[in-house]
Structure formats: structure tokens, C-alpha cells
Amino acid sequence: MKTDDLVAMLATGATAAPRRAAGRRLALALLAGLPLSFAILFTEYGLRRDLVQAMFWPMFWVKVLFPLCIAAAAFAVAQRLARPGVRVRSAWIGIAVPVLAVWVMAALAWFNAPAEERMPLLMGESWRVCALSIGLMALPVFAAALLALKGLAPTRPALAGAAAGALAGGVGAAVYALHCMELTAPFLAVWYVSGIALPVLMGAVLGPRLLRW
């Protein structure tokens, strides 16, 4: 086949990609994975018994909203990384700011607490299972987000995988917060951030293998 004929054949019927296609794919992935995360919550963990009462405590909303802010920022980053030539620029800051805010709160709580109360603030009663539980809650969204990115065109697969992990980790942490009884900033700063970091690291490792063209 002549080169001109091949180019003409490939160009036939070519149309521009729909606007916001990346955002729609990732949103569908979130809608597909989120019910499974809740299914894990309800079948393996359950809601905290005092959930209605806890909703009146400011730290409960810190625990829920800071990972959701990470997830929202990661959604924006993943959209950009899913399209060739689109710069991420300062979008990464949206992921870092909630983490830094919780770390500042944790430092204030740590240094203002008596010495004998500091370790209980940090360890709580569930430090052994917290990070892994968040990773488990994140798994359905993580898998769905990677599948969505696989159908797009990320040219930086490690970063795209990490962004998918941050999206999933933020969602997983927010879902797990409906079960978790811990409410101290040092606990959130270490164990929740560690739980969110797990799928981020997994995404960075798996991205080059799963998202390459």
C-alpha cells in the first residue's frame, strides 16, 4: 500500500475526541468503584455506632473532608495526565495542601499535649489496621481508575498511576472514616496519610506497566 493511500485511510472518519472525555471516564470509574468500597465497609467493618453524634464534632469532618480534598485534587491531576501535552502545573499543590494542613494540626496537638498523652494521640487504638484498611477501601476505585486511564492517552504513566492512587486513597480514607473511631490530628497525620500513600505508591509502580501504549 502506498503511503498516501495509508494516510488517507487512517484519516477517513477521523473526528476530534469529545470534550472532557478524560473527566467523564474517570467519573464513571469513580461511580463504578465507590459502591464496591462501601460494600467492603458494610460487610467487613460497619459504620461506627455513634455516627450521628460524631457528625456534630469538628474533627470528624476534618477526618472526612481532608481525604476528599485530596481525592478531588487528584481527580483534576489525573484528567490532565490522561491527555498528551497537557501540563499539570500547580494542580499537584491541591493534593499537598490538605496533607500539610493535617500535619500542622498534628504538630500543634502534639506539642501542646502533656508528654504522657502524646503517644496515645498518635497511636490511638487502631493504628495496626488503619493504613491497610484504607488501602483495602481504595482498591475498587484504584482498579477502576487505572482501567479508565488505560483507555486514554497518558504519556507519563508513573505519574498518572500515582494520581489514580491518590484519587483512590482519598476516597478510601473518607469511606473508612465512617467506621474509624479515631479523632486526633496526630493519628490522621500519620496513619491516614500512610493509608492514602499506599495506592499512590502502587500506582507509581504499576503505571509504567499497565498504562504504557
# chains A, B, ... in the order shown; residues from 1 in each chain; ligands from 1

$ residues_around --residues "region 72-86 of chain A" --least-positions-apart "2" --cutoff "8 Å" --atoms "only C-alpha atoms" --output "list in words"
Ala22, Gly23, Leu26, Leu68, Cys69, Ile70, Val88, Ala91, Trp92, Gly94, Ile95, Leu149, Leu152, Ala153, Pro154, Thr155, Arg156, Leu159, Ala160, Ala163, Ala164, Ala166 and Leu167 of chain A

$ closest_atom_pairs --of "region 67-180 of chain A" --to "region 33-56 of chain A" --cutoff "12 Å" --atoms "only C-alpha atoms" --output "Markdown table"
| residue | atom | partner | partner_atom | distance |
| --- | --- | --- | --- | --- |
| A:Val129 | CA | A:Tyr45 | CA | 11.4 |
| A:Cys130 | CA | A:Tyr45 | CA | 11.6 |
| A:Ser133 | CA | A:Tyr45 | CA | 9.3 |
| A:Ile134 | CA | A:Ser37 | CA | 9.8 |
| A:Gly135 | CA | A:Ser37 | CA | 10.3 |
| A:Leu136 | CA | A:Ser37 | CA | 8.1 |
| A:Met137 | CA | A:Ser37 | CA | 5.0 |
| A:Ala138 | CA | A:Ser37 | CA | 6.7 |
| A:Leu139 | CA | A:Ser37 | CA | 7.6 |
| A:Pro140 | CA | A:Gly33 | CA | 4.7 |
| A:Val141 | CA | A:Gly33 | CA | 4.2 |
| A:Phe142 | CA | A:Gly33 | CA | 7.7 |
| A:Ala143 | CA | A:Gly33 | CA | 7.8 |
| A:Ala144 | CA | A:Gly33 | CA | 6.0 |
| A:Ala145 | CA | A:Gly33 | CA | 8.3 |
| A:Leu146 | CA | A:Gly33 | CA | 11.1 |
| A:Leu147 | CA | A:Gly33 | CA | 11.0 |
| A:Ala148 | CA | A:Gly33 | CA | 11.3 |
| A:Leu167 | CA | A:Leu34 | CA | 11.3 |
| A:Ala168 | CA | A:Gly33 | CA | 8.9 |
| A:Gly169 | CA | A:Ser37 | CA | 11.0 |
| A:Gly170 | CA | A:Leu34 | CA | 11.5 |
| A:Val171 | CA | A:Leu34 | CA | 7.8 |
| A:Gly172 | CA | A:Ser37 | CA | 7.0 |
| A:Ala173 | CA | A:Ser37 | CA | 10.2 |
| A:Ala174 | CA | A:Ser37 | CA | 10.3 |
| A:Val175 | CA | A:Phe38 | CA | 6.8 |
| A:Tyr176 | CA | A:Leu41 | CA | 6.9 |
| A:Ala177 | CA | A:Arg48 | CA | 8.8 |
| A:Leu178 | CA | A:Leu47 | CA | 5.6 |
| A:His179 | CA | A:Arg48 | CA | 4.5 |
| A:Cys180 | CA | A:Arg48 | CA | 6.6 |

$ residues_around --residues "Trp127 (chain A)" --least-positions-apart "6" --cutoff "12 Å" --atoms "only C-alpha atoms" --output "list in words"
Met119, Pro120, Leu121, Ser133, Ile134, Cys180, Met181, Glu182, Thr184, Pro186, Phe187, Leu188, Ala189, Val190, Trp191, Tyr192, Val193, Ser194 and Gly195 of chain A

$ residues_around --residues "Ala109 (chain A)" --least-positions-apart "4" --cutoff "7 Å" --atoms "only C-alpha atoms" --output "count of residues only"
3

$ select_by_dssp --residues "region 118-191 of chain A" --states "helix (DSSP H, G or I)" --output "PyMOL selection string"
chain A and resi 118-123+127-150+157-176+185-191
